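Report on the following structure.
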Amino acid sequence: MKDLLKDPTLLRTQAYINGEWVDADSGETFPVRNPATQEVLAEVASVGGAETRRAIEAAEVAQKAWAARTAMERSAILRKWNDLILENVEDLAIIMTLEQGKVLAESRGEIVYAASFIEWFAEEGKRVYGDVFPLPQSTSRGVAIRQPVGVVAAVTPWNFPSAMLTRKCGPALAVGCAMVAKPAHETPLSMLALAELADRAGLPAGLLSIVPGAHAKPIGDEMCSNPIVRKFTFTGSTRIGKMLAAQCTETMKRTSMELGGNAPVIVFDDADLDKAAVGAAASKYRNSGQTCICANRILVQEGVYDEFVEKLKGVVGTFKIGDGMDESSTHGPVITRKALEDIKEMVDDAVAHGAEIAAGGDFGAEGEQFIQPTILCNVTDDMRVFKEEIFGPVAPIFKFKTEEEAIAMANDTEFGLAAYLFTRDQGRSWRVSEGIEYGMVGVNEVLISSTFIPFGGIKESGQGREGSSYGVDDYLEMKYICFGDLGA
Ligand code: SIN
């Protein structure tokens, strides 16, 4: 793997704790595999609760000094980190494609996306304002200031191994917090490479520690129970998010939870069907269907159903499935063999209940973890593909008759992260956007993510917002100060 990198020293396999690269206390390591070939890429230190505690204690010390510095000083270091990430896009993208499987073009895009959170929050950190309140007594004045929450612990997923770190640590570090982060065990190398660049940028020791591990529980237990940690932030499944949030209540930690989704794409009969098909495919098959905001259910008005299916088949027919390192591949493998089997079970369930495979349906043809982009027709709301997050390149296409029915179907889920609709009717675009219960809505647009927007969900898709000017709020406490005895 090292031979593929211009700068092989970006390949780090130890934990990064208090500014030092260290092995696990036990000496244990775990393998990181290439999902396209199953080849072992590296053995990474597998730390546990004790190393995590040390990282948290170091963060507590480092955070106090960091918070005392000016926002300008913190910004200068973060900007340097941003620059180093951008100078190393190619190497970072190669590391990501090798361990995560997404095609190189997507990896390059994610690295630029990841850097953008550092750059954005390096600036937003300078704009942390307070407030002044009129009080009932003429001799007093009230103000509110906002201060960093302190030590933050973060657990991030394998589907965006770099951007989900920077979307959290960008705002945290910019406003004066410290962070201890655990990468997914499938994809630790991307985060460790970013930590190497943070170190080179001059980020003081202890402010960002990385604790990789094969066993999530001891690390998660320490993060969620240690009273020094004042905030816990998680991106991952709703099932795990609920367990971690419950653990955090013991010490009343603040939490941000970016959890699962079940995004509908609603295609009305007045839509531009070519754009809708391209959009639905872009959303559904991004990262081989492995994002929380991927289209999960495509709801199409009955009069244009058949035409839409044909157009979507046309778009999918242009895809080339293969190893992400091959520049001609448009879509890579899924993350593990287990993921492939889970997705296959959902397709089998749909077919057993009467669904038809209109395209794809091939599991394992290009290699052990590859799935042909699949389209399912004749699907109904009693199938698992309606209720559950598929997290793979399978597009079930449902039929609806009226606007009211489309809204009801879109809302018939415990999830509420992202939703999309295609229509040329302005009134309808407002009515439906307001009527559906989601944290983010794309109207005639599926590429809704960026640093500039408040990313997050409602219902069981979580709470908190990441990105935009709101992204700092989750890392700040408000303190009210009353100045009394000021004279008449
Ligand atoms: C996610 O899947 O949670 C992140 C997707 C994005 O930022 O676009």
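Letters for chains follow the order of the structure tokens (A, B, ...), residue numbers begin at 1 for each chain, and ligand numbers begin at 1 in the order shown.
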
Grab me every residue within 8 Å of ligand 1, counting only C-alpha atoms and all ligand atoms, and send it over as a ChimeraX atom specification.
/A:159-160,163-164,235-236,258-260,290-294,447-450,455

N, CA and C atoms of the current selection, written as a CSV table (one decimal), in the first residue's frame:
```csv
chain,number,residue,atom,x,y,z
A,159,ASN,N,-18.6,5.0,6.3
A,159,ASN,CA,-19.0,5.3,5.0
A,159,ASN,C,-18.4,6.7,4.5
A,160,PHE,N,-18.1,7.6,5.5
A,160,PHE,CA,-17.4,8.8,5.2
A,160,PHE,C,-16.2,8.9,6.2
A,163,ALA,N,-14.7,12.9,6.3
A,163,ALA,CA,-15.6,14.0,6.4
A,163,ALA,C,-16.4,14.0,7.7
A,164,MET,N,-16.7,12.8,8.2
A,164,MET,CA,-17.5,12.7,9.4
A,164,MET,C,-16.6,13.1,10.7
A,235,THR,N,-22.1,9.5,14.7
A,235,THR,CA,-22.7,9.3,13.4
A,235,THR,C,-22.7,7.8,13.2
A,236,GLY,N,-23.9,7.2,12.9
A,236,GLY,CA,-24.0,5.8,12.7
A,236,GLY,C,-25.5,5.3,12.8
A,258,GLU,N,-26.3,11.7,14.7
A,258,GLU,CA,-26.6,11.7,13.3
A,258,GLU,C,-26.8,10.3,12.9
A,259,LEU,N,-28.1,9.9,12.8
A,259,LEU,CA,-28.4,8.4,12.7
A,259,LEU,C,-29.0,8.0,11.4
A,260,GLY,N,-29.7,6.9,11.4
A,260,GLY,CA,-30.1,6.3,10.1
A,260,GLY,C,-31.2,7.2,9.4
A,290,GLN,N,-24.4,3.6,0.2
A,290,GLN,CA,-24.0,3.5,1.6
A,290,GLN,C,-23.9,4.9,2.2
A,291,THR,N,-24.9,5.8,2.1
A,291,THR,CA,-24.9,7.0,2.9
A,291,THR,C,-26.3,7.1,3.6
A,292,CYS,N,-26.3,7.9,4.7
A,292,CYS,CA,-27.5,8.0,5.5
A,292,CYS,C,-28.6,8.7,4.7
A,293,ILE,N,-28.2,9.5,3.7
A,293,ILE,CA,-29.2,10.3,3.0
A,293,ILE,C,-29.4,9.8,1.6
A,294,CYS,N,-28.9,8.6,1.3
A,294,CYS,CA,-29.2,8.0,0.0
A,294,CYS,C,-30.7,7.8,-0.1
A,447,LEU,N,-28.2,16.7,-4.6
A,447,LEU,CA,-26.9,17.0,-4.0
A,447,LEU,C,-27.0,18.1,-3.0
A,448,ILE,N,-27.6,17.8,-1.8
A,448,ILE,CA,-27.9,18.8,-0.8
A,448,ILE,C,-26.8,19.0,0.2
A,449,SER,N,-25.9,18.1,0.3
A,449,SER,CA,-24.9,18.2,1.3
A,449,SER,C,-23.8,19.2,1.0
A,450,SER,N,-23.4,20.0,1.9
A,450,SER,CA,-22.2,20.9,1.8
A,450,SER,C,-21.9,21.4,3.2
A,455,PHE,N,-26.8,20.2,8.5
A,455,PHE,CA,-27.1,18.7,8.2
A,455,PHE,C,-27.6,18.1,9.4
```

Residue list (strand (DSSP E), DSSP) for range 201-302 of chain A, as a PyMOL selection string
chain A and resi 208-210+229-235+254-258+263-267+295-301

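You will find CA of Ala45 in chain A at 29.0 Å from CA of Ala105 in chain A.
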
Give me the residues within 12 Å of range 14-19 of chain A as a PyMOL selection string, counting only C-alpha atoms and dropping any in the same chain fewer than 5 places off.
chain A and resi 24-25+27-30+42-48+50-63+178-183+188-189+191-200+202-213

Quick check, in Å to one decimal: how far apart do CA of Gly170 in chain A and CA of Thr9 in chain A lie?
23.4 Å
